[in-house]
$ cat work_19.pdb   # PDB, C-alpha atoms
ATOM      1  CA  MET B   1      97.436 117.111 155.937
ATOM      2  CA  PRO B   2      97.581 113.584 154.496
ATOM      3  CA  VAL B   3      99.843 113.183 151.497
ATOM      4  CA  ASP B   4      98.328 111.785 148.338
ATOM      5  CA  PRO B   5     100.670 109.050 147.017
ATOM      6  CA  MET B   6     100.044 110.374 143.513
ATOM      7  CA  ASP B   7     101.435 113.815 144.328
ATOM      8  CA  ASP B   8     105.063 112.829 143.920
ATOM      9  CA  ILE B   9     105.981 110.355 141.201
ATOM     10  CA  GLU B  10     109.379 109.614 139.725
ATOM     11  CA  LEU B  11     109.316 109.390 135.938
ATOM     12  CA  ARG B  12     112.811 108.068 135.404
ATOM     13  CA  SER B  13     111.617 104.735 134.050
ATOM     14  CA  VAL B  14     108.997 106.210 131.726
ATOM     15  CA  GLN B  15     109.939 106.235 128.068
ATOM     16  CA  LEU B  16     108.124 108.405 125.556
ATOM     17  CA  GLN B  17     106.977 106.762 122.366
ATOM     18  CA  TYR B  18     106.423 108.569 119.080
ATOM     19  CA  PRO B  19     104.407 106.151 116.955
ATOM     20  CA  ASN B  20     104.234 108.606 114.049
ATOM     21  CA  GLN B  21     107.981 108.653 113.514
ATOM     22  CA  ARG B  22     108.889 107.078 110.201
ATOM     23  CA  GLY B  23     112.380 105.827 111.033
ATOM     24  CA  SER B  24     111.409 102.321 112.051
ATOM     25  CA  ILE B  25     109.160 101.733 109.047
ATOM     26  CA  VAL B  26     111.837 102.988 106.631
ATOM     27  CA  GLY B  27     114.491 100.804 108.192
ATOM     28  CA  SER B  28     112.273  97.722 108.175
ATOM     29  CA  CYS B  29     111.255  97.959 104.511
ATOM     30  CA  ASP B  30     112.892  96.436 101.458
ATOM     31  CA  LEU B  31     112.680  99.037  98.677
ATOM     32  CA  ARG B  32     111.969  97.679  95.182
ATOM     33  CA  ARG B  33     111.609  99.397  91.820
ATOM     34  CA  VAL B  34     108.755  97.763  89.928
ATOM     35  CA  PRO B  35     108.610  98.301  86.142
ATOM     36  CA  THR B  36     105.198  99.191  84.705
ATOM     37  CA  ASP B  37     103.886 100.350  81.338
ATOM     38  CA  LYS B  38     104.090 103.947  82.657
ATOM     39  CA  GLY B  39     107.588 103.752  84.135
ATOM     40  CA  ASP B  40     109.027 102.364  87.352
ATOM     41  CA  ILE B  41     107.325 102.850  90.721
ATOM     42  CA  LEU B  42     108.756 102.392  94.191
ATOM     43  CA  VAL B  43     107.271  99.652  96.371
ATOM     44  CA  ALA B  44     108.414  99.271  99.988
ATOM     45  CA  VAL B  45     107.992  95.702 101.222
ATOM     46  CA  GLN B  46     107.505  95.271 104.973
ATOM     47  CA  GLY B  47     107.331  91.779 106.451
ATOM     48  CA  ASP B  48     107.534  88.149 105.375
ATOM     49  CA  THR B  49     106.668  87.805 101.678
ATOM     50  CA  THR B  50     105.336  84.264 102.235
ATOM     51  CA  LYS B  51     102.383  85.688 104.181
ATOM     52  CA  PRO B  52      99.121  87.175 102.813
ATOM     53  CA  ALA B  53      99.485  90.591 101.187
ATOM     54  CA  ILE B  54      98.223  93.984 102.291
ATOM     55  CA  VAL B  55      98.780  96.715  99.681
ATOM     56  CA  THR B  56      98.753 100.334 100.883
ATOM     57  CA  TYR B  57      98.378 103.492  98.824
ATOM     58  CA  HIS B  58      98.971 106.976 100.239
ATOM     59  CA  ASP B  59      97.160 110.306  99.922
ATOM     60  CA  LEU B  60      98.190 113.610  98.288
ATOM     61  CA  GLY B  61     101.401 115.165  99.614
ATOM     62  CA  LEU B  62     102.477 111.960 101.359
ATOM     63  CA  ASN B  63     104.320 108.742 100.602
ATOM     64  CA  TYR B  64     104.507 105.316 102.186
ATOM     65  CA  ALA B  65     106.660 106.447 105.127
ATOM     66  CA  SER B  66     104.784 109.615 106.047
ATOM     67  CA  SER B  67     101.335 108.104 105.481
ATOM     68  CA  PHE B  68     101.557 104.700 107.169
ATOM     69  CA  ALA B  69     104.425 104.841 109.688
ATOM     70  CA  GLY B  70     102.129 105.956 112.501
ATOM     71  CA  PHE B  71      99.672 103.125 111.841
ATOM     72  CA  PHE B  72     102.102 100.228 111.525
ATOM     73  CA  ASN B  73     104.368 101.538 114.323
ATOM     74  CA  PHE B  74     101.466 101.755 116.765
ATOM     75  CA  PRO B  75     101.952  98.993 119.365
ATOM     76  CA  THR B  76      98.533  97.369 118.948
ATOM     77  CA  MET B  77      98.898  97.335 115.146
ATOM     78  CA  ARG B  78     102.327  95.718 114.987
ATOM     79  CA  SER B  79     100.740  92.291 115.332
ATOM     80  CA  LEU B  80      99.497  92.735 111.746
ATOM     81  CA  LEU B  81     103.065  92.234 110.581
ATOM     82  CA  ASP B  82     103.091  88.820 112.284
ATOM     83  CA  ASN B  83     100.337  87.657 109.953
ATOM     84  CA  PHE B  84     100.666  89.772 106.788
ATOM     85  CA  CYS B  85     103.261  91.193 104.450
ATOM     86  CA  VAL B  86     102.663  94.850 103.606
ATOM     87  CA  TYR B  87     103.471  96.247 100.163
ATOM     88  CA  HIS B  88     103.532 100.050 100.314
ATOM     89  CA  VAL B  89     102.993 101.449  96.805
ATOM     90  CA  ASN B  90     104.234 104.962  96.036
ATOM     91  CA  ALA B  91     102.648 107.024  93.284
ATOM     92  CA  PRO B  92     105.198 107.956  90.607
ATOM     93  CA  GLY B  93     107.663 110.599  91.814
ATOM     94  CA  GLN B  94     106.214 110.962  95.326
ATOM     95  CA  GLU B  95     108.967 109.223  97.298
ATOM     96  CA  GLU B  96     111.413 111.324  99.294
ATOM     97  CA  GLY B  97     114.323 112.534  97.159
ATOM     98  CA  ALA B  98     112.544 111.755  93.876
ATOM     99  CA  PRO B  99     114.028 113.555  90.837
ATOM    100  CA  THR B 100     111.826 116.104  89.100
ATOM    101  CA  PHE B 101     109.925 114.776  86.118
ATOM    102  CA  PRO B 102     110.692 116.553  82.821
ATOM    103  CA  GLU B 103     108.135 119.055  81.531
ATOM    104  CA  ASP B 104     107.031 116.722  78.741
ATOM    105  CA  TYR B 105     106.402 113.809  81.110
ATOM    106  CA  VAL B 106     102.806 112.567  80.879
ATOM    107  CA  TYR B 107     101.640 111.598  84.352
ATOM    108  CA  PRO B 108      99.391 108.497  84.511
ATOM    109  CA  THR B 109      95.670 108.989  84.926
ATOM    110  CA  PHE B 110      94.003 107.504  88.005
ATOM    111  CA  ASP B 111      92.770 104.561  85.931
ATOM    112  CA  GLU B 112      96.347 103.990  84.762
ATOM    113  CA  LEU B 113      97.662 104.275  88.329
ATOM    114  CA  ALA B 114      95.138 101.610  89.310
ATOM    115  CA  SER B 115      96.286  99.398  86.429
ATOM    116  CA  GLN B 116      99.839  99.572  87.768
ATOM    117  CA  MET B 117      98.690  97.328  90.621
ATOM    118  CA  LEU B 118      98.643  94.444  88.149
ATOM    119  CA  PHE B 119     102.370  94.960  87.539
ATOM    120  CA  VAL B 120     102.971  95.027  91.296
ATOM    121  CA  MET B 121     101.054  91.789  91.807
ATOM    122  CA  THR B 122     102.880  90.087  88.943
ATOM    123  CA  HIS B 123     106.275  91.305  90.157
ATOM    124  CA  PHE B 124     105.737  89.869  93.644
ATOM    125  CA  ASN B 125     103.689  86.859  92.452
ATOM    126  CA  LEU B 126     100.594  87.904  94.416
ATOM    127  CA  LYS B 127      97.299  86.156  93.683
ATOM    128  CA  SER B 128      95.062  88.289  95.896
ATOM    129  CA  ILE B 129      95.497  91.397  98.035
ATOM    130  CA  ILE B 130      93.850  93.351 100.836
ATOM    131  CA  GLY B 131      93.785  97.022  99.840
ATOM    132  CA  PHE B 132      94.401  99.768 102.418
ATOM    133  CA  GLY B 133      94.124 103.250 100.915
ATOM    134  CA  VAL B 134      93.736 106.802 102.171
ATOM    135  CA  GLY B 135      92.281 109.736 100.190
ATOM    136  CA  ALA B 136      93.626 109.697  96.646
ATOM    137  CA  GLY B 137      95.150 106.269  97.307
ATOM    138  CA  ALA B 138      91.747 104.949  98.367
ATOM    139  CA  ASN B 139      90.286 106.110  95.054
ATOM    140  CA  ILE B 140      93.059 104.308  93.150
ATOM    141  CA  LEU B 141      92.540 101.043  95.028
ATOM    142  CA  ALA B 142      88.765 101.291  94.575
ATOM    143  CA  ARG B 143      89.303 101.578  90.812
ATOM    144  CA  PHE B 144      91.563  98.557  90.857
ATOM    145  CA  ALA B 145      89.024  96.517  92.826
ATOM    146  CA  LEU B 146      86.166  97.450  90.481
ATOM    147  CA  ALA B 147      88.226  96.408  87.456
ATOM    148  CA  ASN B 148      89.735  93.304  89.099
ATOM    149  CA  PRO B 149      87.323  91.997  91.767
ATOM    150  CA  ASP B 150      88.854  88.512  91.631
ATOM    151  CA  LYS B 151      92.218  89.904  92.779
ATOM    152  CA  VAL B 152      90.978  91.787  95.859
ATOM    153  CA  GLY B 153      89.960  89.952  99.007
ATOM    154  CA  ALA B 154      89.015  93.061 100.995
ATOM    155  CA  LEU B 155      89.301  96.844 100.992
ATOM    156  CA  CYS B 156      89.848  99.373 103.768
ATOM    157  CA  LEU B 157      89.247 102.819 102.256
ATOM    158  CA  ILE B 158      89.559 105.994 104.307
ATOM    159  CA  ASN B 159      88.239 109.358 103.019
ATOM    160  CA  CYS B 160      87.621 107.934  99.574
ATOM    161  CA  SER B 161      85.939 110.250  97.073
ATOM    162  CA  SER B 162      83.957 108.231  94.544
ATOM    163  CA  THR B 163      82.826 111.170  92.406
ATOM    164  CA  ALA B 164      84.557 113.414  89.900
ATOM    165  CA  ALA B 165      85.934 116.753  91.087
ATOM    166  CA  GLY B 166      83.448 119.619  91.294
ATOM    167  CA  TRP B 167      84.061 123.058  89.791
ATOM    168  CA  ILE B 168      85.227 124.626  93.067
ATOM    169  CA  GLU B 169      87.695 121.812  93.764
ATOM    170  CA  TRP B 170      88.875 121.855  90.157
ATOM    171  CA  GLY B 171      89.562 125.601  90.179
ATOM    172  CA  TYR B 172      91.278 125.591  93.563
ATOM    173  CA  GLN B 173      93.461 122.630  92.654
ATOM    174  CA  LEU B 174      94.375 124.182  89.314
ATOM    175  CA  LEU B 175      95.745 127.206  91.168
ATOM    176  CA  ASN B 176      97.671 124.952  93.544
ATOM    177  CA  THR B 177      99.289 122.946  90.758
ATOM    178  CA  ARG B 178     100.330 126.157  88.999
ATOM    179  CA  ASN B 179     101.969 127.459  92.173
ATOM    180  CA  LEU B 180     103.702 124.153  92.838
ATOM    181  CA  ARG B 181     105.210 124.141  89.355
ATOM    182  CA  THR B 182     106.362 127.774  89.375
ATOM    183  CA  LYS B 183     106.904 128.733  93.022
ATOM    184  CA  GLY B 184     107.197 125.471  94.936
ATOM    185  CA  MET B 185     105.433 124.828  98.240
ATOM    186  CA  THR B 186     103.728 128.200  98.835
ATOM    187  CA  GLN B 187     101.729 129.043 101.945
ATOM    188  CA  GLY B 188      98.525 128.739  99.933
ATOM    189  CA  VAL B 189      99.370 125.203  98.807
ATOM    190  CA  LEU B 190     100.445 124.281 102.337
ATOM    191  CA  ASP B 191      97.138 125.593 103.727
ATOM    192  CA  TYR B 192      95.229 123.524 101.160
ATOM    193  CA  LEU B 193      97.109 120.326 102.022
ATOM    194  CA  MET B 194      96.510 120.902 105.721
ATOM    195  CA  TRP B 195      92.798 121.385 105.010
ATOM    196  CA  HIS B 196      92.757 118.280 102.795
ATOM    197  CA  HIS B 197      94.118 116.127 105.627
ATOM    198  CA  PHE B 198      92.753 117.791 108.769
ATOM    199  CA  GLY B 199      89.667 119.762 107.760
ATOM    200  CA  ARG B 200      88.853 123.411 108.370
ATOM    201  CA  ASN B 201      90.526 123.775 111.773
ATOM    202  CA  PRO B 202      93.807 121.821 111.830
ATOM    203  CA  GLU B 203      94.860 123.693 114.977
ATOM    204  CA  GLU B 204      92.174 121.729 116.834
ATOM    205  CA  ARG B 205      93.778 118.408 115.888
ATOM    206  CA  ASN B 206      96.736 116.591 117.421
ATOM    207  CA  LEU B 207      99.385 119.318 117.342
ATOM    208  CA  ASP B 208     102.324 116.915 117.036
ATOM    209  CA  LEU B 209     100.710 115.202 114.066
ATOM    210  CA  VAL B 210      99.828 118.516 112.424
ATOM    211  CA  GLN B 211     103.429 119.692 112.769
ATOM    212  CA  LEU B 212     104.719 116.379 111.406
ATOM    213  CA  TYR B 213     102.562 116.685 108.290
ATOM    214  CA  LYS B 214     103.487 120.330 107.774
ATOM    215  CA  SER B 215     107.185 119.508 108.004
ATOM    216  CA  ASN B 216     106.755 116.669 105.514
ATOM    217  CA  PHE B 217     104.969 118.895 102.989
ATOM    218  CA  GLU B 218     107.703 121.525 103.222
ATOM    219  CA  ARG B 219     110.743 119.250 103.070
ATOM    220  CA  SER B 220     110.058 115.770 101.745
ATOM    221  CA  ILE B 221     107.881 116.075  98.644
ATOM    222  CA  ASN B 222     108.988 117.173  95.178
ATOM    223  CA  PRO B 223     106.574 120.061  94.401
ATOM    224  CA  VAL B 224     106.600 119.604  90.610
ATOM    225  CA  ASN B 225     105.872 115.888  90.889
ATOM    226  CA  LEU B 226     103.153 116.584  93.464
ATOM    227  CA  ALA B 227     101.556 119.063  91.066
ATOM    228  CA  MET B 228     101.312 116.285  88.458
ATOM    229  CA  LEU B 229      99.660 113.911  90.939
ATOM    230  CA  ILE B 230      97.173 116.587  92.045
ATOM    231  CA  ASP B 231      96.409 117.360  88.383
ATOM    232  CA  ALA B 232      95.637 113.671  87.799
ATOM    233  CA  TYR B 233      93.452 113.659  90.940
ATOM    234  CA  ILE B 234      91.256 116.561  89.828
ATOM    235  CA  LYS B 235      90.843 114.885  86.431
ATOM    236  CA  ARG B 236      89.597 111.647  88.012
ATOM    237  CA  THR B 237      86.406 110.175  86.633
ATOM    238  CA  ASP B 238      83.353 109.166  88.622
ATOM    239  CA  LEU B 239      83.563 105.602  89.947
ATOM    240  CA  ASN B 240      79.848 105.152  89.135
ATOM    241  CA  ILE B 241      79.070 103.312  92.338
ATOM    242  CA  ALA B 242      76.204 103.878  94.760
ATOM    243  CA  ARG B 243      75.013 102.402  98.025
ATOM    244  CA  THR B 244      71.423 101.182  97.873
ATOM    245  CA  PRO B 245      69.511 102.208 101.039
ATOM    246  CA  SER B 246      68.387  99.314 103.242
ATOM    247  CA  GLY B 247      64.885  98.165 102.275
ATOM    248  CA  SER B 248      64.943 100.050  98.971
ATOM    249  CA  PRO B 249      63.489  98.302  95.900
ATOM    250  CA  GLN B 250      66.273  99.806  93.783
ATOM    251  CA  THR B 251      69.048  97.597  92.491
TER     252      THR B 251
END
$ encode --input "work_19.pdb" --output "structure tokens"
Amino acid sequence: MPVDPMDDIELRSVQLQYPNQRGSIVGSCDLRRVPTDKGDILVAVQGDTTKPAIVTYHDLGLNYASSFAGFFNFPTMRSLLDNFCVYHVNAPGQEEGAPTFPEDYVYPTFDELASQMLFVMTHFNLKSIIGFGVGAGANILARFALANPDKVGALCLINCSSTAAGWIEWGYQLLNTRNLRTKGMTQGVLDYLMWHHFGRNPEERNLDLVQLYKSNFERSINPVNLAMLIDAYIKRTDLNIARTPSGSPQT
């Protein structure tokens, strides 16, 4: 029988790439503590600061490394760093190894988290930014843009909720924050975070990515600090924005 040349292939020269690994993004960032009216926040600067600014903001249970490493490490996306400087903003206490906030610490509201962007822009002498936010971070950047439209050139918002939390979300999140404060990262909280990021059937998603997120939730995030961020998220106010249907006489 004829031999198909594709039947026998040597793979010695093939190198596997893991674009979701965070090592390269951590090593390439300059970590800065930026003072704000609500305490210091960590900003990881990636790229040439003389170039236009992209500001990222992460989702619940993540930080700059776990949320954006896969995107900026992906080969076709690396060219962004040739033309922009990326400022990865971390919500208070969400960076890896963050100390636990004291019980009497008052976590900023989402409007106050958005206002912290002004301190970031002043610290780095930025006149205008491009916002890139996911989930809770998208909501924060949307608030900042609505309050400061002259400082935002563009927005890329992924899974952004523009409304206040409903009763079901509020009750479920309240239970999660209680568990995080008293028991740490329980299976129930872990299941919620997996649902938040991957939907109802995370096992149907990219298994490597699912495992990466699960490992991050279990090992890298301070549970008490995460509970405070989630509590602020469920207390978010409505952004009061709406999209007018095409051809509608409404304003």
$ closest_atom_pairs --input "work_19.pdb" --of "region 114-215 of chain B" --to "region 62-82 of chain B" --cutoff "10 Å" --atoms "only C-alpha atoms" --output "Markdown table"
| residue | atom | partner | partner_atom | distance |
| --- | --- | --- | --- | --- |
| B:Phe132 | CA | B:Phe68 | CA | 9.9 |
| B:Gly133 | CA | B:Ser67 | CA | 9.8 |
| B:Val134 | CA | B:Ser67 | CA | 8.4 |
| B:Leu193 | CA | B:Leu62 | CA | 10.0 |
| B:Leu209 | CA | B:Gly70 | CA | 9.5 |
| B:Leu212 | CA | B:Ser66 | CA | 8.6 |
| B:Tyr213 | CA | B:Ser66 | CA | 7.7 |
$ closest_residue --input "work_19.pdb" --among "B:Ser246, B:Asn240, B:Asn125, B:Thr100" --to "Arg143 (chain B)" --atoms "all atoms listed in the file"
B:Asn240
$ resolve_selection --input "work_19.pdb" --expression "the PyMOL selection byres ((chain B and resi 230-232) around 8)" --output "PDB file with C-alpha atoms, in the frame of the given file"
ATOM      1  CA  LEU B  60      98.190 113.610  98.288  1.00  0.00           C
ATOM      2  CA  TYR B 107     101.640 111.598  84.352  1.00  0.00           C
ATOM      3  CA  PRO B 108      99.391 108.497  84.511  1.00  0.00           C
ATOM      4  CA  THR B 109      95.670 108.989  84.926  1.00  0.00           C
ATOM      5  CA  PHE B 110      94.003 107.504  88.005  1.00  0.00           C
ATOM      6  CA  GLN B 173      93.461 122.630  92.654  1.00  0.00           C
ATOM      7  CA  LEU B 174      94.375 124.182  89.314  1.00  0.00           C
ATOM      8  CA  THR B 177      99.289 122.946  90.758  1.00  0.00           C
ATOM      9  CA  LEU B 226     103.153 116.584  93.464  1.00  0.00           C
ATOM     10  CA  ALA B 227     101.556 119.063  91.066  1.00  0.00           C
ATOM     11  CA  MET B 228     101.312 116.285  88.458  1.00  0.00           C
ATOM     12  CA  LEU B 229      99.660 113.911  90.939  1.00  0.00           C
ATOM     13  CA  TYR B 233      93.452 113.659  90.940  1.00  0.00           C
ATOM     14  CA  ILE B 234      91.256 116.561  89.828  1.00  0.00           C
ATOM     15  CA  LYS B 235      90.843 114.885  86.431  1.00  0.00           C
ATOM     16  CA  ARG B 236      89.597 111.647  88.012  1.00  0.00           C
TER      17      ARG B 236
END
$ residues_around --input "work_19.pdb" --residues "Asn83 (chain B)" --least-positions-apart "4" --cutoff "12 Å" --atoms "only C-alpha atoms" --output "list in words"
Gln46, Gly47, Asp48, Thr49, Thr50, Lys51, Pro52, Ala53, Ile54, Met77, Arg78 and Ser79 of chain B
$ closest_residue --input "work_19.pdb" --among "B:Cys156, B:Leu113, B:Leu239, B:Val43" --to "Tyr87 (chain B)" --atoms "all atoms listed in the file"
B:Val43
$ resolve_selection --input "work_19.pdb" --expression "the PyMOL selection byres ((chain B and resi 153) around 10)" --output "JSON, numbers by chain"
{"B": [53, 54, 127, 128, 129, 130, 131, 145, 149, 150, 151, 152, 154, 155]}
$ closest_residue --input "work_19.pdb" --among "B:Asp104, B:Glu203, B:Glu169, B:Asp111" --to "Asn139 (chain B)" --atoms "all atoms listed in the file"
B:Asp111
$ resolve_selection --input "work_19.pdb" --expression "the PyMOL selection byres ((chain B and resi 159) around 8)" --output "MDAnalysis selection string"
chainID B and resid 134:135 138 157:158 160:161
$ write_last_selection --input "work_19.pdb" --atoms "C-alpha atoms" --output "compact mmCIF listing (two decimals), keeping the file's coordinate frame"
# COMPACT_ATOMS: atom_id res chain seq x y z
CA VAL B 134 93.74 106.80 102.17
CA GLY B 135 92.28 109.74 100.19
CA ALA B 138 91.75 104.95 98.37
CA LEU B 157 89.25 102.82 102.26
CA ILE B 158 89.56 105.99 104.31
CA CYS B 160 87.62 107.93 99.57
CA SER B 161 85.94 110.25 97.07
$ closest_residue --input "work_19.pdb" --among "B:Ala242, B:Leu42, B:Ala165, B:Cys29" --to "Gly97 (chain B)" --atoms "all atoms listed in the file"
B:Leu42
$ closest_residue --input "work_19.pdb" --among "B:Gln187, B:Gln211, B:Thr182, B:Thr56" --to "Met117 (chain B)" --atoms "all atoms listed in the file"
B:Thr56
$ residues_around --input "work_19.pdb" --residues "Met185 (chain B)" --least-positions-apart "4" --cutoff "9 Å" --atoms "all atoms listed in the file" --output "ChimeraX atom specification"
/B:179-181,189-190,217-218,222-223
$ atom_distance --input "work_19.pdb" --atom1 "CA of Ser162 (chain B)" --atom2 "CA of Ile241 (chain B)"
7.3 Å
$ atom_distance --input "work_19.pdb" --atom1 "CA of Gly61 (chain B)" --atom2 "CA of Tyr105 (chain B)"
19.2 Å
$ atom_distance --input "work_19.pdb" --atom1 "CA of Ala114 (chain B)" --atom2 "CA of Ala147 (chain B)"
8.8 Å
$ closest_residue --input "work_19.pdb" --among "B:Cys85, B:Leu146, B:Leu126, B:Val120" --to "Val34 (chain B)" --atoms "all atoms listed in the file"
B:Val120
